[in-house]
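Source file data.tsv; content: TSV, C-alpha atoms and all ligand atoms.
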chain	number	residue	atom	x	y	z
A	1	MET	CA	23.85	59.32	210.60
A	2	ARG	CA	27.48	58.64	211.47
A	3	TYR	CA	29.43	56.66	208.86
A	4	ASP	CA	32.91	55.87	207.54
A	5	ASP	CA	33.68	56.08	203.83
A	6	ILE	CA	36.98	54.31	203.22
A	7	GLY	CA	38.76	53.18	200.06
A	8	THR	CA	37.86	53.39	196.38
A	9	GLY	CA	36.22	51.11	193.86
A	10	ILE	CA	32.97	49.21	193.92
A	11	PRO	CA	30.82	50.49	196.84
A	12	LEU	CA	30.24	47.98	199.65
A	13	LEU	CA	27.69	48.96	202.29
A	14	LEU	CA	28.44	47.09	205.53
A	15	ILE	CA	25.38	46.93	207.83
A	16	HIS	CA	26.17	45.94	211.40
A	17	GLY	CA	24.20	43.66	213.72
A	18	PHE	CA	22.58	43.98	217.14
A	19	PRO	CA	23.50	45.35	219.67
A	20	LEU	CA	26.62	46.51	217.84
A	21	ASP	CA	27.93	49.31	215.66
A	22	HIS	CA	30.43	49.89	212.80
A	23	GLY	CA	33.21	48.53	215.04
A	24	MET	CA	32.26	44.93	214.29
A	25	TRP	CA	33.56	45.38	210.72
A	26	ARG	CA	37.16	46.20	211.78
A	27	PRO	CA	38.62	42.97	210.29
A	28	GLN	CA	36.88	43.64	206.97
A	29	VAL	CA	37.85	47.31	206.66
A	30	GLU	CA	41.52	46.49	207.32
A	31	ALA	CA	41.55	43.92	204.50
A	32	LEU	CA	39.08	45.44	202.02
A	33	ARG	CA	40.08	49.11	201.89
A	34	GLU	CA	42.39	48.27	198.95
A	35	GLU	CA	39.65	46.32	197.17
A	36	CYS	CA	36.54	48.48	197.33
A	37	ARG	CA	34.86	51.56	198.77
A	38	CYS	CA	33.59	50.57	202.23
A	39	ILE	CA	30.63	52.55	203.56
A	40	ILE	CA	30.19	51.68	207.23
A	41	PRO	CA	27.34	53.43	209.04
A	42	ASP	CA	26.17	53.30	212.62
A	43	LEU	CA	22.45	52.55	212.36
A	44	HIS	CA	20.14	55.12	213.96
A	45	GLY	CA	20.10	54.78	217.75
A	46	LEU	CA	23.30	52.72	217.80
A	47	GLY	CA	26.96	53.72	217.89
A	48	ALA	CA	27.16	57.48	217.40
A	49	SER	CA	24.01	57.90	215.29
A	50	PRO	CA	20.98	59.52	216.93
A	51	LEU	CA	17.78	57.57	217.49
A	52	ALA	CA	15.27	58.19	214.68
A	53	GLU	CA	12.21	56.03	215.36
A	54	TYR	CA	10.84	53.83	218.16
A	55	PRO	CA	10.48	50.95	217.50
A	56	ALA	CA	13.26	51.08	214.89
A	57	THR	CA	11.86	49.12	211.95
A	58	MET	CA	13.99	47.31	209.39
A	59	GLU	CA	12.27	49.36	206.68
A	60	GLY	CA	13.14	52.60	208.50
A	61	PHE	CA	16.79	51.57	208.71
A	62	ALA	CA	16.70	50.67	204.98
A	63	LEU	CA	15.31	54.10	204.08
A	64	ALA	CA	18.06	55.81	206.10
A	65	LEU	CA	20.69	53.79	204.25
A	66	LYS	CA	19.17	54.63	200.86
A	67	THR	CA	19.23	58.30	201.91
A	68	LEU	CA	22.90	57.93	202.84
A	69	MET	CA	23.63	56.42	199.40
A	70	ASP	CA	21.80	59.37	197.78
A	71	LYS	CA	23.92	61.81	199.79
A	72	LEU	CA	27.13	60.01	198.76
A	73	GLU	CA	25.89	59.86	195.14
A	74	ILE	CA	26.17	56.09	195.08
A	75	ASP	CA	23.80	54.67	192.52
A	76	GLN	CA	24.34	51.01	193.31
A	77	ALA	CA	26.20	49.18	196.07
A	78	VAL	CA	26.88	45.67	197.20
A	79	ILE	CA	24.69	45.46	200.29
A	80	CYS	CA	26.25	43.32	203.02
A	81	GLY	CA	24.27	42.77	206.21
A	82	PHE	CA	25.19	40.87	209.32
A	83	SER	CA	22.34	39.30	211.34
A	84	MET	CA	19.99	42.26	212.07
A	85	GLY	CA	21.93	43.95	209.24
A	86	GLY	CA	20.81	41.02	207.07
A	87	TYR	CA	17.15	41.65	207.98
A	88	ILE	CA	17.74	45.26	206.90
A	89	ALA	CA	19.54	44.17	203.72
A	90	LEU	CA	16.53	42.04	202.76
A	91	ALA	CA	14.17	44.96	203.46
A	92	PHE	CA	16.46	47.23	201.39
A	93	GLN	CA	16.46	44.75	198.51
A	94	GLU	CA	12.67	44.58	198.58
A	95	LEU	CA	12.18	48.36	198.71
A	96	TYR	CA	15.04	49.57	196.49
A	97	PRO	CA	16.11	46.66	194.23
A	98	GLU	CA	17.52	49.04	191.62
A	99	ARG	CA	20.13	50.23	194.14
A	100	VAL	CA	21.50	46.72	194.81
A	101	LYS	CA	24.42	45.36	192.78
A	102	GLY	CA	24.76	42.22	194.88
A	103	LEU	CA	23.69	41.00	198.29
A	104	VAL	CA	25.75	39.45	201.08
A	105	LEU	CA	23.77	37.87	203.92
A	106	CYS	CA	25.90	36.94	206.95
A	107	SER	CA	24.73	34.97	209.99
A	108	THR	CA	21.12	35.88	209.22
A	109	ARG	CA	17.72	34.52	208.21
A	110	SER	CA	14.68	35.47	206.16
A	111	VAL	CA	11.99	34.23	208.57
A	112	ALA	CA	10.11	36.41	211.07
A	113	ASP	CA	10.20	36.02	214.86
A	114	ASP	CA	7.76	33.52	216.37
A	115	GLY	CA	5.70	34.39	219.47
A	116	HIS	CA	8.41	33.26	221.88
A	117	ALA	CA	11.10	35.32	220.10
A	118	LYS	CA	8.82	38.40	220.12
A	119	LEU	CA	8.44	38.11	223.90
A	120	ALA	CA	12.20	37.77	224.26
A	121	ARG	CA	12.65	41.00	222.22
A	122	ALA	CA	10.42	42.86	224.69
A	123	THR	CA	12.46	41.50	227.62
A	124	THR	CA	15.72	42.52	225.94
A	125	ALA	CA	14.37	46.03	225.43
A	126	GLU	CA	13.23	46.25	229.08
A	127	ASN	CA	16.57	44.99	230.36
A	128	ALA	CA	18.51	47.45	228.21
A	129	LEU	CA	16.46	50.36	229.54
A	130	ALA	CA	16.46	49.18	233.16
A	131	ARG	CA	20.04	47.96	233.52
A	132	GLY	CA	22.07	49.76	230.84
A	133	MET	CA	24.35	48.07	228.34
A	134	ALA	CA	27.53	47.94	230.40
A	135	GLY	CA	25.97	45.36	232.70
A	136	LEU	CA	24.49	43.31	229.87
A	137	ALA	CA	27.61	43.35	227.66
A	138	PRO	CA	29.51	40.34	229.08
A	139	GLY	CA	26.54	37.97	228.73
A	140	MET	CA	25.57	39.25	225.30
A	141	ALA	CA	29.13	39.16	223.94
A	142	SER	CA	29.84	35.62	225.00
A	143	VAL	CA	26.99	34.10	222.94
A	144	LEU	CA	28.26	35.82	219.79
A	145	LEU	CA	31.59	33.96	219.87
A	146	SER	CA	32.44	30.26	220.06
A	147	ALA	CA	33.85	28.77	223.28
A	148	LYS	CA	37.15	28.22	221.47
A	149	THR	CA	37.38	31.84	220.33
A	150	ARG	CA	36.61	33.06	223.85
A	151	LYS	CA	39.38	30.89	225.24
A	152	ASP	CA	42.02	31.47	222.53
A	153	HIS	CA	41.26	35.14	221.84
A	154	PRO	CA	40.23	36.93	225.04
A	155	GLU	CA	41.14	40.20	223.32
A	156	LEU	CA	38.38	39.60	220.76
A	157	LEU	CA	35.86	38.92	223.52
A	158	ALA	CA	36.96	42.14	225.24
A	159	GLU	CA	36.58	44.07	221.95
A	160	VAL	CA	33.03	42.77	221.42
A	161	GLU	CA	32.09	43.51	225.05
A	162	GLU	CA	33.35	47.05	224.63
A	163	ILE	CA	31.29	47.56	221.46
A	164	ILE	CA	28.12	46.31	223.19
A	165	ALA	CA	28.77	48.30	226.39
A	166	ARG	CA	28.94	51.60	224.46
A	167	GLN	CA	25.50	51.22	222.81
A	168	PRO	CA	22.78	53.61	223.99
A	169	SER	CA	20.04	51.72	225.86
A	170	ALA	CA	17.21	53.53	224.04
A	171	GLY	CA	18.66	52.58	220.64
A	172	VAL	CA	19.07	48.95	221.69
A	173	ALA	CA	15.47	48.85	222.94
A	174	ALA	CA	14.21	50.46	219.73
A	175	ALA	CA	16.08	48.00	217.50
A	176	SER	CA	14.99	45.01	219.60
A	177	LYS	CA	11.34	46.02	219.28
A	178	GLY	CA	11.82	46.78	215.58
A	179	MET	CA	13.20	43.32	214.84
A	180	ALA	CA	10.06	41.78	216.33
A	181	LEU	CA	7.99	43.62	213.71
A	182	ARG	CA	9.83	42.37	210.64
A	183	PRO	CA	7.86	40.20	208.21
A	184	ASP	CA	8.90	36.82	206.83
A	185	ARG	CA	10.77	37.61	203.59
A	186	THR	CA	11.43	33.99	202.53
A	187	ASP	CA	8.93	34.19	199.66
A	188	ARG	CA	10.75	37.15	198.19
A	189	LEU	CA	14.11	35.38	197.92
A	190	ALA	CA	13.16	33.71	194.62
A	191	ARG	CA	12.53	37.15	193.11
A	192	ILE	CA	16.05	38.48	193.80
A	193	GLU	CA	17.75	39.00	190.47
A	194	VAL	CA	21.27	39.92	191.62
A	195	PRO	CA	23.96	37.49	192.85
A	196	VAL	CA	23.73	36.63	196.54
A	197	LEU	CA	26.50	35.38	198.82
A	198	ILE	CA	25.40	33.74	202.07
A	199	LEU	CA	28.00	33.35	204.83
A	200	ALA	CA	27.49	31.50	208.11
A	201	GLY	CA	29.59	30.13	210.95
A	202	ASP	CA	29.30	26.38	211.45
A	203	ALA	CA	29.02	26.85	215.24
A	204	ASP	CA	26.42	29.63	215.28
A	205	SER	CA	23.87	28.79	217.98
A	206	LEU	CA	21.93	32.08	217.70
A	207	ILE	CA	21.07	31.69	214.01
A	208	PRO	CA	22.11	28.15	213.06
A	209	PRO	CA	23.55	27.56	209.55
A	210	ALA	CA	20.38	25.58	208.71
A	211	GLN	CA	18.69	28.99	208.35
A	212	SER	CA	21.27	29.93	205.71
A	213	GLU	CA	20.79	26.63	203.90
A	214	ALA	CA	17.04	27.25	203.87
A	215	MET	CA	17.53	30.69	202.28
A	216	ALA	CA	20.00	29.41	199.68
A	217	LYS	CA	17.44	26.93	198.33
A	218	HIS	CA	15.19	29.78	197.19
A	219	LEU	CA	17.83	31.79	195.31
A	220	SER	CA	18.41	31.62	191.58
A	221	ASP	CA	21.97	32.94	191.86
A	222	GLY	CA	23.10	32.22	195.40
A	223	ARG	CA	26.33	30.83	196.87
A	224	LEU	CA	26.34	29.49	200.43
A	225	VAL	CA	29.57	29.16	202.38
A	226	VAL	CA	29.54	27.71	205.89
A	227	ILE	CA	32.80	28.77	207.53
A	228	PRO	CA	34.39	26.34	209.99
A	229	GLY	CA	35.42	27.60	213.41
A	230	GLY	CA	33.00	30.49	213.57
A	231	ALA	CA	29.93	31.14	215.69
A	232	HIS	CA	27.60	34.12	215.17
A	233	LEU	CA	30.29	36.80	214.74
A	234	VAL	CA	32.08	34.72	212.11
A	235	ASN	CA	33.46	37.82	210.33
A	236	MET	CA	35.51	38.65	213.44
A	237	GLU	CA	36.37	35.08	214.42
A	238	GLN	CA	37.43	33.84	210.97
A	239	PRO	CA	38.31	37.02	209.07
A	240	THR	CA	40.60	35.38	206.51
A	241	ALA	CA	37.99	32.90	205.26
A	242	PHE	CA	35.26	35.54	205.45
A	243	ASN	CA	37.25	38.20	203.59
A	244	THR	CA	38.40	35.74	200.90
A	245	GLU	CA	34.77	34.94	200.05
A	246	LEU	CA	33.80	38.61	200.09
A	247	VAL	CA	36.68	39.65	197.81
A	248	ARG	CA	35.86	36.83	195.38
A	249	PHE	CA	32.24	37.97	195.29
A	250	LEU	CA	33.21	41.61	194.72
A	251	ALA	CA	35.56	40.59	191.89
A	252	ARG	CA	32.72	38.76	190.20
A	253	LEU	CA	30.46	41.82	190.41
A	254	ASN	CA	33.08	44.34	189.33
B	301	LIG	C1	22.25	40.24	215.63
B	301	LIG	O1	23.38	39.74	215.77
B	301	LIG	O2	22.05	41.21	214.91
B	301	LIG	C2	21.11	39.62	216.40
B	301	LIG	O3	21.52	38.43	217.01
B	301	LIG	C3	19.94	39.37	215.52
B	301	LIG	C4	18.76	38.87	216.28
B	301	LIG	O4	18.72	39.01	217.51
B	301	LIG	O5	17.83	38.33	215.64
Could you express the structure from this file as structure tokens?
Amino acid sequence: MRYDDIGTGIPLLLIHGFPLDHGMWRPQVEALREECRCIIPDLHGLGASPLAEYPATMEGFALALKTLMDKLEIDQAVICGFSMGGYIALAFQELYPERVKGLVLCSTRSVADDGHAKLARATTAENALARGMAGLAPGMASVLLSAKTRKDHPELLAEVEEIIARQPSAGVAAASKGMALRPDRTDRLARIEVPVLILAGDADSLIPPAQSEAMAKHLSDGRLVVIPGGAHLVNMEQPTAFNTELVRFLARLN
């Protein structure tokens, strides 16, 4: 598994979303390298990490990340997952709670896919395999960012397109099919004993902030922040607000 290990201090495992890789965390690594130890993997089948299983289950990704923590001799980390990374973070928390110092759930949800979403996953996988990611990248990138971000920051749109275009089709198909298999983890939220920070963009149309509000209601120690001016990729669109919340959360855990 390819990963970056940058900075010192409290370990922060940054789990990217779909169909992305470690590159989506650029605005966090730049700001946080002085604050903590950032571990930033490419999940199996994405970025530069080889495909490990097909479909790529959230539990399989979680096991690979626990194995990476073992290799790096990290006992406990703050587990921060974006969107699909959030599904993996919830699976990780369920399987290896003793390895979690705190949980950050960004632009994500605890519910499973419904029948319609499962069918859409199969179509996404077929399209990735049939057409390749370069052709799909412009359409997929534009829904991750708000209309205002696309207009004011074309360089950000180009960066996201480039990240998507470089993903291997087989890995994208495997992750798409894996997401369709994930269970509803809403009932488990009440059993989480560590602090949880939930971050969402107010203009996210892919996973609306209502999903974050629904998760927050179940947590005994949860803080929800809805960030203005951000869509799905709120960490890239509003890095200052996003990083401020993350640093505050890390300071509390340290
Ligand atoms: C992601 O950003 O990881 C995806 O939008 C998650 C999903 O498709 O459910």
>> Using only C-alpha atoms and all ligand atoms, which residues have at least one atom no more than 7 Å from ligand LIG 301 (chain B)? Output them as a list in words.
In response: Gly17, Phe18, Pro19, Phe82, Ser83, Met84, Gly85, Met179 and Leu206 of chain A
> Quick one, how far is CA of Lys151 in chain A from CA of Gln167 in chain A?
Replying inline: 24.7 Å
>> My list of candidates is A:His16, A:Lys101, A:His218, A:Arg26. Which is closest to His44 in chain A when distances are computed with all atoms listed in the file?
In response: A:His16
> Which residues come within 9 Å of range 87-95 of chain A, counting only C-alpha atoms, excluding same-chain residues fewer than 2 positions away, as an NGL selection string?
Replying inline: :A and (15 or 57-63 or 65-66 or 79-85 or 97-100 or 103-105 or 108-110 or 179 or 182 or 185 or 188-189 or 192)
> Separation of CA of Met215 in chain A and CA of Gln76 in chain A, in Å?
Replying inline: 23.2 Å
> When distances are computed from only C-alpha atoms, which of A:Ile227, A:Asp202, A:Arg2, A:Pro138 shows the smallest separation from Arg150 in chain A?
Replying inline: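 Looking only at the distances to Arg150 in chain A, the closest residue turns out to be A:Pro138.
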>> When you count all atoms listed in the file, which of these residues is closest to Trp25 in chain A: A:Val226, A:Leu145, A:Ile163, A:Ala56?
In response: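 The shortest atom-to-atom distance to Trp25 in chain A comes from A:Ile163.
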